[in-house]
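Visitor: One structure follows; several queries about it will come next.
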Amino acid sequence: LIEDACQAFGSKWNEKFLGTWGDIGVFSFSPHKIITTGQGGAIVTNNDEVYERIKKLKDFCRIKPGVDIHTGIGFNFKFTDLQAVIGIEQLKMIEFRIKRKKEIYEKYMDGLSEVEFIQFLPEYLSQTVPWFVDIITETPRDKIISYLKENGIGSRPFYPAIHSQEPYRECKGTFNISSAIALRGLWLPSSIGLKDEEIKQIINVIERFS
Ligand SMILES: Cc1ncc(COP(=O)(O)O)c(C=O)c1O
């Protein structure tokens, strides 16, 4: 079992970290993730055979780094030292980063709790590290996006439902919940660098939306 835990660094289920349930867990360190190295990510496994295989695959399938004898077809997925340094420095502050991500989410939730056209997805902050601040809007989303933009605030619509994307158009079935969420979901500014005053300002702007 390969577990896609790309967005879930630091999150748990039943006190066990996501990414550690399967044989292999995959994390992304692309921008906006809990930690980022620009691009790239990490694979975790307790299986020695898988570990050795992945180590070779990412290094052109050479018998060992620096020796150009190939035992199969591999790839160049090597992580650079420069990226590693950036990641390691963020890892040293992982407790703070997780705490701040949760605080940011809570501040939005508290501040927007009286705003009728906004719903929050059920989010279990005791176990989940929120990656983005997700809201579901009852008003036309485009109007909110334009209004926020006029006020200097960026936002981003949720990913389209996967069955609506070109490669999956032939997919049979109706996916009403995915479609509804995809059309109404919006991400609010979520950067770990957001200051409390900035969050307050965003909340004030949203409260004035009519
Ligand atoms: C669930 C999930 N899987 C895979 C990926 C891809 O990660 P990457 O961009 O590092 O290849 C992402 C990126 O956001 C993701 O959210």
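Ordered as shown in the structure tokens, chains take letters A, B, and onward, while each chain numbers its residues from 1 and ligands are numbered from 1 in the order shown.
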When the cut-off is 7 Å and you count only C-alpha atoms and all ligand atoms, which residues lie near ligand 1, shown as a list in words?
Guide: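 Every residue with an atom at most 7 Å from ligand 1 is listed here: Asp4, Ala5, Cys6, Gln7, Ser28, Phe29, Ser30, Gln39, Gly40 and Gly41 of chain A.
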Visitor: Residues within 10 Å of A:Pro189, please, as a ChimeraX atom specification. Count only C-alpha atoms; anything in the same chain fewer than 6 positions from it doesn't count.
Guide: /A:104,132-134,153-156,198-199,202
Visitor: For A:Lys107, find every residue with an atom within 12 Å (counting only C-alpha atoms), except residues of its own chain fewer than 6 positions away, and show them as a ChimeraX atom specification.
Guide: /A:100-101,113,133,190,194-203
Visitor: Could you please take those selected residues and save N, CA and C atoms as a PDB file, in the first residue's frame?
Guide:
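Everything below was put into again_29.pdb:
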ATOM      1  N   ARG A 100       1.329  27.041  14.518  1.00  0.00           N
ATOM      2  CA  ARG A 100       0.901  28.273  13.843  1.00  0.00           C
ATOM      3  C   ARG A 100      -0.156  27.990  12.771  1.00  0.00           C
ATOM      4  N   LYS A 101       0.005  26.901  12.030  1.00  0.00           N
ATOM      5  CA  LYS A 101      -0.986  26.525  11.014  1.00  0.00           C
ATOM      6  C   LYS A 101      -2.355  26.339  11.681  1.00  0.00           C
ATOM      7  N   SER A 113     -17.234  32.897  12.239  1.00  0.00           N
ATOM      8  CA  SER A 113     -18.306  31.988  12.678  1.00  0.00           C
ATOM      9  C   SER A 113     -19.706  32.602  12.511  1.00  0.00           C
ATOM     10  N   VAL A 133      -6.576  27.171   4.398  1.00  0.00           N
ATOM     11  CA  VAL A 133      -7.829  27.512   5.075  1.00  0.00           C
ATOM     12  C   VAL A 133      -8.950  27.312   4.051  1.00  0.00           C
ATOM     13  N   SER A 190      -3.421  31.548   3.485  1.00  0.00           N
ATOM     14  CA  SER A 190      -3.123  30.525   4.491  1.00  0.00           C
ATOM     15  C   SER A 190      -1.648  30.472   4.874  1.00  0.00           C
ATOM     16  N   LEU A 194       1.513  34.660   7.731  1.00  0.00           N
ATOM     17  CA  LEU A 194       0.447  35.645   7.977  1.00  0.00           C
ATOM     18  C   LEU A 194       0.513  36.154   9.414  1.00  0.00           C
ATOM     19  N   LYS A 195       0.372  37.468   9.557  1.00  0.00           N
ATOM     20  CA  LYS A 195       0.360  38.037  10.909  1.00  0.00           C
ATOM     21  C   LYS A 195      -1.094  38.072  11.412  1.00  0.00           C
ATOM     22  N   ASP A 196      -1.243  38.104  12.748  1.00  0.00           N
ATOM     23  CA  ASP A 196      -2.603  38.142  13.323  1.00  0.00           C
ATOM     24  C   ASP A 196      -3.410  39.320  12.774  1.00  0.00           C
ATOM     25  N   GLU A 197      -2.734  40.503  12.647  1.00  0.00           N
ATOM     26  CA  GLU A 197      -3.453  41.692  12.166  1.00  0.00           C
ATOM     27  C   GLU A 197      -3.947  41.480  10.732  1.00  0.00           C
ATOM     28  N   GLU A 198      -3.147  40.780   9.950  1.00  0.00           N
ATOM     29  CA  GLU A 198      -3.554  40.537   8.556  1.00  0.00           C
ATOM     30  C   GLU A 198      -4.790  39.632   8.517  1.00  0.00           C
ATOM     31  N   ILE A 199      -4.799  38.620   9.392  1.00  0.00           N
ATOM     32  CA  ILE A 199      -5.964  37.717   9.428  1.00  0.00           C
ATOM     33  C   ILE A 199      -7.207  38.515   9.839  1.00  0.00           C
ATOM     34  N   LYS A 200      -7.037  39.393  10.853  1.00  0.00           N
ATOM     35  CA  LYS A 200      -8.163  40.228  11.312  1.00  0.00           C
ATOM     36  C   LYS A 200      -8.692  41.085  10.180  1.00  0.00           C
ATOM     37  N   GLN A 201      -7.749  41.658   9.432  1.00  0.00           N
ATOM     38  CA  GLN A 201      -8.125  42.538   8.320  1.00  0.00           C
ATOM     39  C   GLN A 201      -8.912  41.743   7.256  1.00  0.00           C
ATOM     40  N   ILE A 202      -8.453  40.538   6.957  1.00  0.00           N
ATOM     41  CA  ILE A 202      -9.149  39.704   5.960  1.00  0.00           C
ATOM     42  C   ILE A 202     -10.563  39.386   6.465  1.00  0.00           C
ATOM     43  N   ILE A 203     -10.658  39.056   7.755  1.00  0.00           N
ATOM     44  CA  ILE A 203     -11.978  38.739   8.334  1.00  0.00           C
ATOM     45  C   ILE A 203     -12.898  39.965   8.237  1.00  0.00           C
TER      46      ILE A 203
END
Visitor: Could you list, as a ChimeraX atom specification, every residue within 12 Å of stretch 145-152 of chain A, counting only C-alpha atoms and ignoring same-chain residues fewer than 5 positions away?
Guide: /A:137,139-140,157-158,184-189,198,201-210
Visitor: Write down as a list in words the residues belonging to stretch 37-70 of chain A that are assigned helix (DSSP H, G or I) by DSSP computed on the backbone.
Guide: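 Answer for stretch 37-70 of chain A restricted to helix (DSSP H, G or I) is Asp48, Glu49, Val50, Tyr51, Glu52, Arg53, Ile54, Lys55, Lys56 and Leu57 of chain A.
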Visitor: As an exercise, work out the distance from atom CA of A:Lys16 to atom CA of A:His32 in Å and give it to one decimal place.
Guide: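 Separation of atom CA of A:Lys16 and atom CA of A:His32: 23.4 Å.
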Visitor: Quick one: pick out all strand (DSSP E or B) residues within chain A from a backbone DSSP run and write them as number ranges by chain.
Guide: A: 2-4, 12-13, 16-17, 24-28, 41-45, 59, 62-64, 67-70, 76, 118-120, 133-137, 156-157, 185-188
Visitor: Can you write just those residues out, N, CA and C atoms, as a short mmCIF file (atom, residue, chain, number, x, y, z; two decimals), in the first residue's frame?
Guide:
data_model
loop_
_atom_site.label_atom_id
_atom_site.label_comp_id
_atom_site.auth_asym_id
_atom_site.auth_seq_id
_atom_site.Cartn_x
_atom_site.Cartn_y
_atom_site.Cartn_z
N ILE A 2 0.66 2.09 -0.99
CA ILE A 2 1.39 3.37 -1.05
C ILE A 2 0.42 4.46 -0.60
N GLU A 3 0.83 5.20 0.42
CA GLU A 3 -0.07 6.20 1.01
C GLU A 3 0.32 7.59 0.52
N ASP A 4 -0.59 8.25 -0.15
CA ASP A 4 -0.33 9.63 -0.59
C ASP A 4 -0.63 10.56 0.59
N LYS A 12 -2.34 13.22 12.04
CA LYS A 12 -2.45 11.86 12.58
C LYS A 12 -3.87 11.34 12.43
N TRP A 13 -4.02 10.05 12.51
CA TRP A 13 -5.33 9.44 12.68
C TRP A 13 -5.17 8.40 13.79
N LYS A 16 -1.74 7.97 15.16
CA LYS A 16 -0.67 7.42 14.32
C LYS A 16 -0.50 8.35 13.11
N PHE A 17 0.75 8.72 12.84
CA PHE A 17 1.00 9.68 11.76
C PHE A 17 0.52 9.18 10.41
N ILE A 24 4.48 2.29 2.17
CA ILE A 24 5.26 3.45 1.74
C ILE A 24 4.40 4.69 1.95
N GLY A 25 4.98 5.73 2.50
CA GLY A 25 4.26 7.01 2.64
C GLY A 25 4.99 8.07 1.82
N VAL A 26 4.21 8.94 1.17
CA VAL A 26 4.80 9.94 0.28
C VAL A 26 4.40 11.33 0.75
N PHE A 27 5.38 12.20 0.92
CA PHE A 27 5.13 13.59 1.34
C PHE A 27 5.64 14.56 0.28
N SER A 28 4.92 15.64 0.10
CA SER A 28 5.35 16.67 -0.85
C SER A 28 5.91 17.86 -0.08
N GLY A 41 10.16 16.19 -2.39
CA GLY A 41 9.41 15.59 -1.29
C GLY A 41 10.20 14.47 -0.67
N ALA A 42 9.51 13.61 0.07
CA ALA A 42 10.19 12.51 0.74
C ALA A 42 9.30 11.28 0.72
N ILE A 43 9.97 10.14 0.71
CA ILE A 43 9.26 8.85 0.78
C ILE A 43 9.71 8.19 2.08
N VAL A 44 8.77 7.64 2.83
CA VAL A 44 9.16 6.91 4.05
C VAL A 44 8.71 5.45 3.95
N THR A 45 9.54 4.58 4.48
CA THR A 45 9.18 3.16 4.51
C THR A 45 9.99 2.45 5.60
N ASP A 59 18.56 7.40 -8.50
CA ASP A 59 19.95 7.68 -8.90
C ASP A 59 20.30 6.90 -10.18
N ARG A 62 21.97 3.30 -10.76
CA ARG A 62 23.40 2.95 -10.75
C ARG A 62 23.68 2.00 -9.58
N ILE A 63 24.77 1.22 -9.69
CA ILE A 63 25.04 0.30 -8.60
C ILE A 63 25.35 1.06 -7.31
N LYS A 64 26.00 2.23 -7.46
CA LYS A 64 26.12 3.14 -6.32
C LYS A 64 26.44 4.55 -6.82
N VAL A 67 29.28 5.75 -9.47
CA VAL A 67 29.77 4.64 -10.31
C VAL A 67 28.74 4.43 -11.42
N ASP A 68 29.18 4.69 -12.66
CA ASP A 68 28.20 4.76 -13.74
C ASP A 68 27.90 3.42 -14.40
N ILE A 69 27.61 2.45 -13.60
CA ILE A 69 27.17 1.15 -14.09
C ILE A 69 25.69 1.03 -13.70
N HIS A 70 24.84 0.83 -14.71
CA HIS A 70 23.39 0.82 -14.47
C HIS A 70 22.86 -0.60 -14.49
N ASN A 76 16.48 10.51 -12.55
CA ASN A 76 17.24 11.44 -11.72
C ASN A 76 16.26 12.19 -10.82
N ILE A 118 -20.70 31.54 4.89
CA ILE A 118 -19.46 30.74 4.92
C ILE A 118 -19.60 29.54 5.86
N GLN A 119 -19.17 28.42 5.34
CA GLN A 119 -19.13 27.20 6.20
C GLN A 119 -17.70 26.71 6.24
N PHE A 120 -17.32 26.13 7.34
CA PHE A 120 -16.01 25.47 7.41
C PHE A 120 -16.22 23.97 7.30
N VAL A 133 -6.58 27.17 4.40
CA VAL A 133 -7.83 27.51 5.08
C VAL A 133 -8.95 27.31 4.05
N ASP A 134 -9.71 26.23 4.24
CA ASP A 134 -10.78 25.88 3.30
C ASP A 134 -12.09 26.47 3.78
N ILE A 135 -12.81 27.16 2.88
CA ILE A 135 -14.18 27.55 3.23
C ILE A 135 -15.12 27.11 2.11
N ILE A 136 -16.37 26.92 2.48
CA ILE A 136 -17.40 26.61 1.50
C ILE A 136 -18.34 27.82 1.48
N THR A 137 -18.56 28.38 0.30
CA THR A 137 -19.37 29.60 0.23
C THR A 137 -20.77 29.29 -0.27
N ARG A 156 -8.18 31.36 -3.77
CA ARG A 156 -8.04 30.39 -4.87
C ARG A 156 -9.18 29.37 -4.80
N PRO A 157 -9.86 29.14 -5.93
CA PRO A 157 -10.93 28.13 -5.89
C PRO A 157 -10.35 26.75 -5.62
N GLY A 185 -16.05 25.59 -3.03
CA GLY A 185 -14.91 25.67 -2.12
C GLY A 185 -13.93 26.77 -2.50
N LEU A 186 -13.42 27.43 -1.48
CA LEU A 186 -12.47 28.54 -1.72
C LEU A 186 -11.37 28.48 -0.66
N TRP A 187 -10.15 28.74 -1.10
CA TRP A 187 -9.04 28.81 -0.15
C TRP A 187 -8.74 30.27 0.16
N LEU A 188 -8.68 30.57 1.42
CA LEU A 188 -8.33 31.91 1.88
C LEU A 188 -6.82 31.96 2.10
#
Visitor: Return the single residue from A:Ile73, A:Ile98, A:Ile88, A:Leu82 that is closest to A:Phe9, with distances computed using only C-alpha atoms.
Guide: A:Ile98
Visitor: Which residues are close to A:Pro65, i.e. within 10 Å by only C-alpha atoms, leaving aside same-chain residues fewer than 5 positions away? Reply as a ChimeraX atom specification.
Guide: /A:55-56,59-60
Visitor: Could you name the residues that touch A:Lys102 at 9 Å or less, counting only C-alpha atoms, but leaving out those on the same chain fewer than 2 positions away, as number ranges by chain?
Guide: A: 97-100, 104-107, 125-126, 128-131
Visitor: Considering only C-alpha atoms, state which residue in the set A:Leu57, A:Ile192, A:Leu91, A:Ala161 is at the smallest distance from A:Glu103.
Guide: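 Answer, going by the shortest atom-to-atom distance: A:Ile192.
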Visitor: Between A:Pro122, A:Gly72, A:Pro31, A:Gly173, single out the one closest to A:Ser191, counting only C-alpha atoms.
Guide: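 Of A:Pro122, A:Gly72, A:Pro31, A:Gly173, the one nearest A:Ser191, counting only C-alpha atoms, is A:Pro31.
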